[in-house]
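**Student:** What follows is start_6.tsv, made up of TSV, C-alpha atoms:
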chain	number	residue	atom	x	y	z
A	1	MET	CA	-10.86	-21.35	21.30
A	2	GLU	CA	-8.80	-24.52	20.98
A	3	SER	CA	-10.37	-25.38	17.63
A	4	GLY	CA	-9.48	-21.91	16.41
A	5	VAL	CA	-5.84	-22.46	17.31
A	6	GLN	CA	-5.85	-25.85	15.61
A	7	ALA	CA	-7.32	-24.28	12.47
A	8	GLN	CA	-4.45	-21.82	12.42
A	9	ASN	CA	-1.98	-24.73	12.23
A	10	VAL	CA	-3.63	-26.69	9.39
A	11	PRO	CA	-1.04	-27.09	6.60
A	12	LEU	CA	-1.85	-25.18	3.44
A	13	ALA	CA	-2.25	-27.01	0.14
A	14	SER	CA	0.58	-26.53	-2.38
A	15	GLU	CA	-1.66	-24.63	-4.80
A	16	VAL	CA	-2.61	-22.19	-2.02
A	17	LYS	CA	1.06	-21.67	-1.18
A	18	LEU	CA	1.76	-20.87	-4.83
A	19	LYS	CA	-1.05	-18.30	-4.81
A	20	LEU	CA	0.38	-16.76	-1.64
A	21	LEU	CA	3.79	-16.56	-3.30
A	22	SER	CA	2.18	-14.73	-6.21
A	23	CYS	CA	0.53	-12.27	-3.80
A	24	CYS	CA	3.88	-11.69	-2.07
A	25	LEU	CA	5.56	-10.90	-5.38
A	26	SER	CA	2.76	-8.52	-6.36
A	27	PHE	CA	3.33	-6.43	-3.23
A	28	PHE	CA	7.11	-6.52	-3.68
A	29	PHE	CA	6.56	-5.29	-7.25
A	30	ALA	CA	4.42	-2.40	-6.01
A	31	GLY	CA	7.10	-1.52	-3.45
A	32	THR	CA	9.82	-1.32	-6.11
A	33	ASN	CA	7.71	1.24	-7.96
A	34	ASP	CA	6.96	3.44	-4.95
A	35	GLY	CA	10.40	3.14	-3.37
A	36	SER	CA	12.34	4.27	-6.42
A	37	VAL	CA	10.71	7.68	-6.89
A	38	GLY	CA	12.69	9.47	-4.19
A	39	ALA	CA	16.04	8.12	-5.38
A	40	LEU	CA	15.39	8.96	-9.04
A	41	LEU	CA	13.62	12.28	-8.55
A	42	PRO	CA	16.71	14.55	-8.84
A	43	TYR	CA	17.65	12.84	-12.11
A	44	MET	CA	14.09	13.12	-13.44
A	45	LEU	CA	14.05	16.84	-12.68
A	46	LYS	CA	17.30	17.47	-14.51
A	47	PHE	CA	16.39	15.27	-17.48
A	48	TYR	CA	12.94	16.79	-18.08
A	49	GLY	CA	13.74	20.29	-16.84
A	50	VAL	CA	10.61	20.70	-14.72
A	51	SER	CA	10.09	22.14	-11.24
A	52	THR	CA	10.05	20.01	-8.09
A	53	GLY	CA	6.54	21.12	-7.14
A	54	LEU	CA	5.18	20.24	-10.58
A	55	VAL	CA	6.60	16.74	-10.47
A	56	ILE	CA	5.72	15.87	-6.90
A	57	VAL	CA	2.29	17.44	-6.61
A	58	MET	CA	0.84	17.31	-10.11
A	59	TYR	CA	2.40	14.23	-11.64
A	60	VAL	CA	3.61	11.74	-9.06
A	61	TYR	CA	1.05	11.97	-6.25
A	62	VAL	CA	-1.93	13.13	-8.30
A	63	ALA	CA	-1.41	10.86	-11.34
A	64	ALA	CA	-1.00	7.82	-9.11
A	65	PHE	CA	-4.03	8.81	-7.05
A	66	VAL	CA	-6.17	9.23	-10.18
A	67	GLY	CA	-5.22	5.65	-11.04
A	68	TRP	CA	-6.46	4.49	-7.64
A	69	LEU	CA	-9.59	6.63	-8.03
A	70	VAL	CA	-10.45	5.09	-11.40
A	71	ALA	CA	-9.83	1.63	-9.92
A	72	GLY	CA	-12.18	2.37	-7.05
A	73	GLY	CA	-14.91	3.45	-9.46
A	74	THR	CA	-14.51	0.49	-11.82
A	75	ASN	CA	-13.72	-2.25	-9.31
A	76	PHE	CA	-17.44	-2.72	-8.62
A	77	PHE	CA	-18.02	-3.55	-12.28
A	78	LEU	CA	-14.89	-5.66	-12.79
A	79	ALA	CA	-15.39	-7.70	-9.62
A	80	SER	CA	-18.88	-8.69	-10.82
A	81	ARG	CA	-17.91	-9.38	-14.45
A	82	LEU	CA	-14.37	-10.80	-14.29
A	83	SER	CA	-12.98	-13.72	-12.32
A	84	LEU	CA	-10.44	-13.26	-9.53
A	85	GLY	CA	-7.66	-14.49	-11.80
A	86	LEU	CA	-8.55	-12.09	-14.63
A	87	ASN	CA	-8.66	-9.12	-12.25
A	88	LEU	CA	-5.19	-10.04	-10.98
A	89	VAL	CA	-3.88	-10.46	-14.54
A	90	LEU	CA	-5.29	-7.07	-15.54
A	91	GLY	CA	-3.55	-5.39	-12.60
A	92	ALA	CA	-0.26	-7.15	-13.29
A	93	PHE	CA	-0.38	-6.24	-17.00
A	94	LEU	CA	-1.06	-2.54	-16.39
A	95	GLN	CA	1.91	-2.29	-14.02
A	96	LEU	CA	4.10	-4.10	-16.51
A	97	LEU	CA	2.99	-1.71	-19.25
A	98	ALA	CA	3.91	1.28	-17.08
A	99	HIS	CA	7.48	0.09	-16.64
A	100	ALA	CA	7.79	-0.94	-20.30
A	101	LEU	CA	7.00	2.67	-21.25
A	102	ARG	CA	9.49	4.09	-18.76
A	103	VAL	CA	12.63	2.23	-19.86
A	104	TRP	CA	13.08	4.37	-22.98
A	105	ALA	CA	12.60	7.75	-21.21
A	106	PRO	CA	9.42	8.81	-23.03
A	107	PRO	CA	8.28	12.43	-23.35
A	108	PHE	CA	7.29	13.89	-20.00
A	109	PRO	CA	3.48	13.80	-20.50
A	110	LEU	CA	3.65	10.09	-21.33
A	111	PHE	CA	6.05	9.49	-18.45
A	112	ALA	CA	3.48	11.08	-16.12
A	113	VAL	CA	0.77	8.80	-17.52
A	114	THR	CA	2.83	5.79	-16.42
A	115	PHE	CA	2.18	6.74	-12.79
A	116	PHE	CA	-1.53	6.57	-13.54
A	117	LEU	CA	-1.12	3.12	-15.10
A	118	ALA	CA	1.00	1.89	-12.19
A	119	GLY	CA	-1.53	3.18	-9.65
A	120	LEU	CA	-4.43	1.63	-11.54
A	121	GLY	CA	-2.69	-1.73	-11.89
A	122	THR	CA	-1.52	-1.78	-8.28
A	123	ALA	CA	-5.05	-1.01	-7.07
A	124	TYR	CA	-6.55	-3.88	-9.07
A	125	GLN	CA	-3.95	-6.49	-8.20
A	126	ASP	CA	-3.38	-5.61	-4.56
A	127	SER	CA	-7.04	-5.20	-3.59
A	128	HIS	CA	-7.90	-8.62	-5.01
A	129	SER	CA	-4.75	-10.15	-3.53
A	130	ASN	CA	-5.83	-8.84	-0.13
A	131	THR	CA	-9.26	-10.34	-0.62
A	132	PHE	CA	-7.79	-13.75	-1.44
A	133	VAL	CA	-5.30	-13.74	1.44
A	134	SER	CA	-7.92	-12.61	3.96
A	135	ARG	CA	-9.75	-15.92	3.36
A	136	VAL	CA	-6.73	-18.17	3.86
A	137	THR	CA	-6.23	-20.08	7.10
A	138	GLY	CA	-4.07	-17.98	9.42
A	139	ALA	CA	-4.90	-14.87	7.39
A	140	HIS	CA	-3.46	-12.45	9.95
A	141	ARG	CA	0.02	-13.95	9.48
A	142	TRP	CA	-0.16	-14.01	5.70
A	143	LEU	CA	-1.49	-10.47	5.49
A	144	GLY	CA	1.54	-9.41	7.53
A	145	VAL	CA	3.85	-11.31	5.17
A	146	ILE	CA	2.47	-9.92	1.90
A	147	HIS	CA	2.52	-6.36	3.21
A	148	ALA	CA	6.04	-6.92	4.53
A	149	MET	CA	7.03	-7.74	0.97
A	150	TYR	CA	5.85	-4.27	-0.02
A	151	GLY	CA	8.29	-2.93	2.58
A	152	ALA	CA	11.01	-5.14	1.08
A	153	GLY	CA	10.35	-3.56	-2.32
A	154	LEU	CA	10.60	-0.10	-0.77
A	155	LEU	CA	13.91	-1.07	0.81
A	156	VAL	CA	15.53	-2.72	-2.20
A	157	SER	CA	14.62	-0.34	-5.01
A	158	PRO	CA	16.66	2.73	-3.87
A	159	PHE	CA	19.78	0.58	-3.59
A	160	VAL	CA	19.23	-0.60	-7.17
A	161	ALA	CA	18.19	2.79	-8.53
A	162	THR	CA	20.97	4.95	-7.08
A	163	PRO	CA	23.98	3.06	-8.54
A	164	ILE	CA	22.33	2.84	-11.96
A	165	ALA	CA	21.36	6.53	-12.02
A	166	SER	CA	24.82	7.69	-10.91
A	167	SER	CA	26.92	5.39	-13.11
A	168	TYR	CA	26.83	7.49	-16.29
A	169	ILE	CA	27.25	11.15	-17.21
A	170	PRO	CA	24.74	12.18	-18.39
A	171	SER	CA	22.65	9.91	-16.19
A	172	ARG	CA	20.75	7.02	-17.69
A	173	TRP	CA	18.43	6.84	-14.68
A	174	TYR	CA	15.63	5.35	-16.77
A	175	HIS	CA	17.66	2.14	-17.15
A	176	PHE	CA	16.61	1.36	-13.59
A	177	TYR	CA	13.17	0.48	-14.91
A	178	TYR	CA	14.57	-2.67	-16.51
A	179	PHE	CA	14.64	-4.02	-12.94
A	180	PRO	CA	10.91	-3.60	-12.17
A	181	LEU	CA	10.18	-4.57	-15.78
A	182	ALA	CA	11.85	-7.95	-15.16
A	183	VAL	CA	10.04	-8.32	-11.84
A	184	GLY	CA	6.79	-7.40	-13.61
A	185	VAL	CA	7.25	-10.15	-16.22
A	186	VAL	CA	7.74	-12.74	-13.46
A	187	ASN	CA	4.78	-11.27	-11.58
A	188	LEU	CA	2.46	-11.64	-14.57
A	189	LEU	CA	3.65	-15.17	-15.35
A	190	LEU	CA	3.26	-16.25	-11.72
A	191	VAL	CA	-0.30	-14.90	-11.61
A	192	LEU	CA	-1.15	-16.83	-14.78
A	193	ILE	CA	0.28	-20.04	-13.31
A	194	ALA	CA	-0.85	-19.74	-9.68
A	195	PHE	CA	-4.39	-18.52	-10.43
A	196	ARG	CA	-4.98	-20.54	-13.59
A	197	ASP	CA	-7.98	-22.21	-11.92
A	198	ARG	CA	-9.49	-18.75	-11.24
A	199	LEU	CA	-9.01	-17.42	-14.80
A	200	PRO	CA	-12.11	-18.86	-16.53
A	201	LEU	CA	-15.21	-16.70	-16.37
A	202	SER	CA	-17.09	-19.75	-15.11
A	203	SER	CA	-15.18	-19.46	-11.83
A	204	ILE	CA	-17.08	-16.24	-11.02
A	205	GLU	CA	-20.21	-18.18	-10.15
A	206	ASP	CA	-18.20	-20.53	-7.93
A	207	GLU	CA	-16.78	-17.55	-6.05
A	208	ARG	CA	-20.25	-16.06	-5.61
A	209	GLN	CA	-21.65	-19.37	-4.35
A	210	THR	CA	-18.78	-19.68	-1.86
A	211	ALA	CA	-19.39	-16.17	-0.58
A	212	SER	CA	-23.15	-16.61	-0.32
A	213	SER	CA	-22.79	-19.95	1.50
A	214	GLU	CA	-20.68	-18.21	4.13
A	215	GLN	CA	-23.20	-15.34	4.44
A	216	SER	CA	-26.64	-16.94	4.82
A	217	GLY	CA	-29.63	-14.97	3.64
A	218	THR	CA	-27.58	-12.86	1.22
A	219	ARG	CA	-28.25	-12.78	-2.51
A	220	SER	CA	-25.42	-14.42	-4.42
A	221	THR	CA	-25.62	-12.13	-7.43
A	222	LEU	CA	-25.73	-8.36	-7.63
A	223	SER	CA	-25.52	-6.06	-10.56
A	224	ALA	CA	-22.48	-3.82	-10.74
A	225	PHE	CA	-24.67	-0.86	-9.79
A	226	GLY	CA	-26.29	-2.76	-6.97
A	227	GLU	CA	-22.86	-3.90	-5.78
A	228	ALA	CA	-21.63	-0.31	-5.66
A	229	LYS	CA	-24.78	0.93	-3.93
A	230	ALA	CA	-24.70	-1.84	-1.33
A	231	THR	CA	-21.01	-1.25	-0.62
A	232	LEU	CA	-21.42	2.51	-0.28
A	233	LYS	CA	-24.17	1.95	2.31
A	234	LEU	CA	-21.84	0.01	4.62
A	235	LYS	CA	-20.97	2.25	7.57
A	236	SER	CA	-17.96	0.09	8.40
A	237	VAL	CA	-16.45	0.80	4.96
A	238	TRP	CA	-16.44	4.55	5.55
A	239	LEU	CA	-15.15	4.30	9.12
A	240	LEU	CA	-12.27	2.03	8.09
A	241	SER	CA	-11.62	4.28	5.08
A	242	MET	CA	-11.31	7.28	7.39
A	243	PHE	CA	-8.71	5.39	9.44
A	244	TYR	CA	-6.65	4.68	6.30
A	245	PHE	CA	-7.10	8.26	5.11
A	246	PHE	CA	-5.32	9.62	8.17
A	247	TYR	CA	-2.91	6.69	8.59
A	248	LEU	CA	-1.50	6.83	5.07
A	249	GLY	CA	-1.51	10.61	5.27
A	250	ALA	CA	0.65	10.44	8.39
A	251	ALA	CA	2.99	7.74	7.05
A	252	LEU	CA	3.59	9.26	3.62
A	253	THR	CA	3.89	12.82	4.92
A	254	SER	CA	6.53	11.82	7.44
A	255	GLY	CA	8.42	9.61	4.99
A	256	GLY	CA	8.23	12.10	2.13
A	257	TRP	CA	9.59	15.08	4.06
A	258	VAL	CA	11.98	13.50	6.57
A	259	VAL	CA	15.16	14.14	4.55
A	260	GLU	CA	14.23	17.75	3.83
A	261	TYR	CA	13.49	18.32	7.52
A	262	LEU	CA	16.73	16.76	8.77
A	263	VAL	CA	18.80	18.69	6.24
A	264	THR	CA	17.06	22.06	6.58
A	265	VAL	CA	16.10	22.18	10.26
A	266	ARG	CA	18.67	19.86	11.85
A	267	HIS	CA	21.44	20.84	9.37
A	268	GLY	CA	22.27	17.25	8.46
A	269	ASN	CA	24.43	16.14	5.54
A	270	LEU	CA	22.28	15.44	2.48
A	271	THR	CA	24.14	12.27	1.50
A	272	ALA	CA	24.01	10.82	5.00
A	273	MET	CA	20.37	11.76	5.54
A	274	GLY	CA	19.49	10.00	2.30
A	275	PHE	CA	19.89	6.69	4.15
A	276	VAL	CA	17.15	7.50	6.67
A	277	PRO	CA	14.29	6.54	4.30
A	278	ALA	CA	16.03	3.19	3.80
A	279	GLY	CA	15.96	2.70	7.56
A	280	MET	CA	12.28	3.56	7.59
A	281	SER	CA	11.60	1.01	4.85
A	282	ALA	CA	13.51	-1.61	6.83
A	283	GLY	CA	11.28	-0.75	9.79
A	284	VAL	CA	8.18	-1.35	7.67
A	285	PHE	CA	9.51	-4.70	6.45
A	286	LEU	CA	10.58	-5.98	9.88
A	287	GLY	CA	7.57	-4.60	11.72
A	288	ARG	CA	5.04	-6.32	9.50
A	289	LEU	CA	6.82	-9.64	10.03
A	290	ALA	CA	7.47	-9.29	13.77
A	291	LEU	CA	4.25	-7.66	14.98
A	292	ALA	CA	1.61	-9.71	13.14
A	293	GLU	CA	1.46	-12.48	15.73
A	294	PRO	CA	1.45	-10.36	18.94
A	295	THR	CA	-1.13	-8.05	17.35
A	296	HIS	CA	-3.42	-11.02	16.68
A	297	ARG	CA	-2.75	-12.65	20.05
A	298	PHE	CA	-3.37	-9.60	22.24
A	299	GLY	CA	-6.22	-8.16	20.17
A	300	GLU	CA	-6.08	-6.11	16.99
A	301	ARG	CA	-8.22	-3.28	18.30
A	302	ARG	CA	-6.20	-2.83	21.50
A	303	MET	CA	-2.77	-3.21	19.90
A	304	VAL	CA	-3.36	-0.67	17.13
A	305	LEU	CA	-4.19	1.94	19.76
A	306	VAL	CA	-1.01	0.98	21.65
A	307	TYR	CA	1.08	1.31	18.48
A	308	VAL	CA	-0.38	4.74	17.72
A	309	LEU	CA	0.32	5.96	21.26
A	310	VAL	CA	3.93	4.74	21.02
A	311	ALA	CA	4.27	6.44	17.64
A	312	ILE	CA	2.96	9.71	19.08
A	313	GLY	CA	5.63	9.48	21.78
A	314	LEU	CA	8.33	8.89	19.18
A	315	GLN	CA	6.97	11.78	17.11
A	316	LEU	CA	7.38	14.08	20.12
A	317	VAL	CA	10.98	12.90	20.53
A	318	TYR	CA	11.58	13.58	16.83
A	319	TRP	CA	10.13	17.08	17.22
A	320	LEU	CA	11.50	18.20	20.58
A	321	VAL	CA	14.97	16.61	20.76
A	322	PRO	CA	17.37	18.57	18.48
A	323	ASN	CA	19.72	15.68	17.78
A	324	ILE	CA	20.05	14.16	14.30
A	325	ILE	CA	20.92	10.65	15.46
A	326	VAL	CA	18.06	10.58	17.95
A	327	ASN	CA	15.70	11.94	15.29
A	328	ALA	CA	16.77	9.33	12.73
A	329	VAL	CA	16.34	6.49	15.22
A	330	ALA	CA	12.95	7.86	16.30
A	331	VAL	CA	11.50	8.00	12.77
A	332	CYS	CA	12.78	4.50	11.96
A	333	LEU	CA	11.24	3.11	15.16
A	334	MET	CA	8.04	4.97	14.30
A	335	SER	CA	7.95	3.21	10.92
A	336	PHE	CA	8.46	-0.14	12.68
A	337	THR	CA	5.68	0.60	15.16
A	338	LEU	CA	3.13	1.83	12.60
A	339	SER	CA	3.97	-0.75	9.93
A	340	THR	CA	1.48	-3.36	11.03
A	341	LEU	CA	-1.48	-0.93	10.94
A	342	PHE	CA	-2.00	-1.56	7.21
A	343	PRO	CA	-2.31	-5.38	7.28
A	344	THR	CA	-4.20	-5.23	10.58
A	345	GLY	CA	-6.77	-2.92	9.04
A	346	MET	CA	-7.14	-5.34	6.12
A	347	SER	CA	-7.63	-8.22	8.55
A	348	VAL	CA	-10.32	-6.31	10.43
A	349	GLY	CA	-12.00	-5.25	7.18
A	350	SER	CA	-12.16	-8.85	5.96
A	351	LYS	CA	-14.16	-9.70	9.10
A	352	LEU	CA	-16.39	-6.61	9.02
A	353	PHE	CA	-17.37	-6.65	5.33
A	354	PRO	CA	-19.75	-9.24	3.86
A	355	LYS	CA	-17.77	-11.85	1.92
A	356	GLU	CA	-19.46	-11.11	-1.41
A	357	ARG	CA	-18.55	-7.43	-1.17
A	358	GLN	CA	-14.99	-7.67	0.14
A	359	SER	CA	-13.27	-6.88	-3.17
A	360	SER	CA	-15.31	-3.74	-3.87
A	361	ALA	CA	-15.18	-2.62	-0.22
A	362	LEU	CA	-11.41	-3.05	0.09
A	363	GLY	CA	-10.98	-1.27	-3.23
A	364	LEU	CA	-12.91	1.72	-1.90
A	365	VAL	CA	-10.90	1.70	1.35
A	366	PHE	CA	-7.68	1.75	-0.71
A	367	VAL	CA	-8.86	4.72	-2.76
A	368	VAL	CA	-9.78	6.81	0.28
A	369	GLY	CA	-6.49	5.86	1.93
A	370	GLN	CA	-4.52	6.85	-1.14
A	371	ALA	CA	-6.39	10.17	-1.15
A	372	GLY	CA	-4.92	10.86	2.28
A	373	GLY	CA	-1.52	9.70	1.08
A	374	ALA	CA	-1.69	12.16	-1.81
A	375	LEU	CA	-3.41	15.07	-0.07
A	376	PHE	CA	-1.45	15.52	3.14
A	377	PRO	CA	2.11	15.39	1.72
A	378	SER	CA	0.99	17.94	-0.91
A	379	LEU	CA	-0.57	20.23	1.71
A	380	THR	CA	2.56	19.93	3.83
A	381	GLY	CA	4.62	20.99	0.82
A	382	LEU	CA	2.41	24.01	0.23
A	383	LEU	CA	2.65	25.01	3.89
A	384	ALA	CA	6.41	24.47	3.86
A	385	THR	CA	6.84	26.97	1.04
A	386	ARG	CA	5.16	29.62	3.23
A	387	VAL	CA	6.30	28.93	6.80
A	388	GLY	CA	9.15	26.44	6.40
A	389	VAL	CA	9.53	22.67	6.53
A	390	GLN	CA	9.31	22.71	10.35
A	391	VAL	CA	5.54	22.63	9.80
A	392	LEU	CA	6.04	18.87	9.25
A	393	GLN	CA	6.07	18.21	12.99
A	394	PRO	CA	2.67	19.59	14.06
A	395	VAL	CA	1.08	18.21	10.89
A	396	SER	CA	2.47	14.71	11.58
A	397	LEU	CA	1.45	14.84	15.23
A	398	GLY	CA	-2.07	15.91	14.30
A	399	LEU	CA	-2.40	13.14	11.70
A	400	LEU	CA	-1.22	10.49	14.16
A	401	THR	CA	-3.76	11.70	16.71
A	402	LEU	CA	-6.53	11.53	14.10
A	403	THR	CA	-5.34	8.04	13.12
A	404	GLY	CA	-5.84	6.80	16.67
A	405	ALA	CA	-9.19	8.57	17.03
A	406	SER	CA	-10.52	7.17	13.75
A	407	TRP	CA	-9.43	3.64	14.70
A	408	ALA	CA	-11.43	3.93	17.91
A	409	LEU	CA	-14.53	4.57	15.76
A	410	VAL	CA	-14.09	1.41	13.66
A	411	PRO	CA	-16.78	-1.11	14.72
A	412	LYS	CA	-15.76	-4.01	16.91
A	413	VAL	CA	-15.42	-7.34	15.13
A	414	LYS	CA	-17.75	-10.06	16.31
A	415	HIS	CA	-15.73	-13.18	17.09
A	416	ARG	CA	-16.09	-16.00	14.64
A	417	SER	CA	-14.08	-19.19	14.28
A	418	GLU	CA	-11.79	-19.44	11.30
Translate this structure into structure tokens?

**Tutor:**
Amino acid sequence: MESGVQAQNVPLASEVKLKLLSCCLSFFFAGTNDGSVGALLPYMLKFYGVSTGLVIVMYVYVAAFVGWLVAGGTNFFLASRLSLGLNLVLGAFLQLLAHALRVWAPPFPLFAVTFFLAGLGTAYQDSHSNTFVSRVTGAHRWLGVIHAMYGAGLLVSPFVATPIASSYIPSRWYHFYYFPLAVGVVNLLLVLIAFRDRLPLSSIEDERQTASSEQSGTRSTLSAFGEAKATLKLKSVWLLSMFYFFYLGAALTSGGWVVEYLVTVRHGNLTAMGFVPAGMSAGVFLGRLALAEPTHRFGERRMVLVYVLVAIGLQLVYWLVPNIIVNAVAVCLMSFTLSTLFPTGMSVGSKLFPKERQSSALGLVFVVGQAGGALFPSLTGLLATRVGVQVLQPVSLGLLTLTGASWALVPKVKHRSE
């Protein structure tokens, strides 16, 4: 136990710190993309003259999910044929391309395709970033930090997007994308610099040898098909994927419909309620920084269940107490409480999955999770058109309950020293 603690405190080499900085920026970059949609959506609707349902259901959620789906299907092949550095570069380039296409307000079909490109690029870069960080000393802390940077991107982007979109009549909302475009350029350059030793194709064999040395008795090389087949046979992959399916479904459903609920059901002011998602993003950012250490110290399995139970209590307050201020505070605290579930799940997955299959396994987990994040907000929208947006509350409560139940089914991690 003492040696494990000492291992946590070993200083990281400067090249590892640079790689971690690159991973942090990649998650911040992804957050700026996801966090800007809500702020820019009214301007997109007016500019392109399309219906809200068409944009949200068919083009934003679905196009992005298709990008994740394609990434999940191709990640097996790319992980076996390309080095870690090249996979990260590919992801960074695709995201950069998406924003480069957006800055000139392209025709709507092409604009929709950019969400596919952004989803595909994010899936490639973030899944491999997670794999790298999960192998660093003190991984639980660093996973919390990189995922907190995603929350920082969610928080910052609306405050950049709103002033730009509202500064001109008619709005030049698409000028906002110069901001993520600039971040994307830095992101790509930092990947090229930080992971320059992982760019050559010759580094693939080194990575395989490292993985196989840590997993005795395992073949160091697998074909892309064999890699996919072996990954799909892992029971732990599907159980962790089910947890993410319900968790992201709960988080994105609540966050996507909170303003509409507070305005329609609680009769809040639209402008004032628009700040609630910013509070939720701040909760994600702070929670992933503050809760990483206690979660690791008191046990990941136990603490996730505690967080879900607390969130269910806050959800009941949000539902049953007809007070806007109390509701706003409750949803922000819920975001804080649930924020660490994502990096904690990645930490557990890195210990459950064989080292040589981590990239493909985490990629599959991401895809299934994103399916929940796309499916449940869309279903909630369809139900809301029939029975009203108040349906958000029982749907959210049910998803939180399923999140806790699915986490209880995730296999226990056998202790191993770091």

**Student:** Between CA of Arg102 (chain A) and CA of Gly184 (chain A), what is the distance in Å, rounded to a tenth?

**Tutor:**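 Answer for the CA of Arg102 (chain A) to CA of Gly184 (chain A) separation: 12.9 Å.
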
**Student:** Find, counting all atoms listed in the file, the residue in A:Ser241, A:Ser281, A:Ser359, A:Thr74 that gets nearest to Leu120 (chain A).

**Tutor:**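 Using all atoms listed in the file, the shortest distance to Leu120 (chain A) belongs to A:Thr74.
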
**Student:** Residues within 9 Å of Leu18 (chain A), please, as number ranges by chain. Count only C-alpha atoms; anything in the same chain fewer than 4 positions from it doesn't count.

**Tutor:** A: 13-14, 22-23, 190, 193-195

**Student:** Can you tell me which residues surround region 227-232 of chain A at a distance of at most 10 Å, considering all atoms listed in the file, apart from same-chain residues fewer than 2 positions away, and format the answer as a PyMOL selection string?

**Tutor:** chain A and resi 72-77+79-80+221-225+234-238+353-354+356-362+364

**Student:** With distances taken over all atoms listed in the file, which of A:Val321, A:Leu338, A:Leu379, A:Ala112 is nearest to Tyr48 (chain A)?

**Tutor:**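 Selected residue with least distance to Tyr48 (chain A): A:Ala112.
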
**Student:** Hey, can you check how far CA of Leu314 (chain A) sits from CA of Gly283 (chain A)?

**Tutor:**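 The value is 13.8 Å.
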
**Student:** Excluding region 67-69 of chain A and its own-chain neighbours fewer than 2 positions away, which residues fall within 9 Å of it when counting only C-alpha atoms? Please give them as a list of chain:residue names.

**Tutor:**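 Neighbouring residues, sequence-local ones excluded: A:Val62, A:Ala63, A:Ala64, A:Phe65, A:Ala71, A:Gly72, A:Gly73, A:Thr74, A:Phe115, A:Phe116, A:Leu117, A:Ala118, A:Gly119, A:Leu120, A:Gly121, A:Thr122, A:Ala123, A:Tyr124, A:Gly363, A:Leu364, A:Phe366, A:Val367, A:Val368, A:Gln370, A:Ala371.
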
**Student:** Would you mind reading off the distance between CA of Val50 (chain A) and CA of Thr380 (chain A), one decimal, in Å?

**Tutor:** 20.2 Å
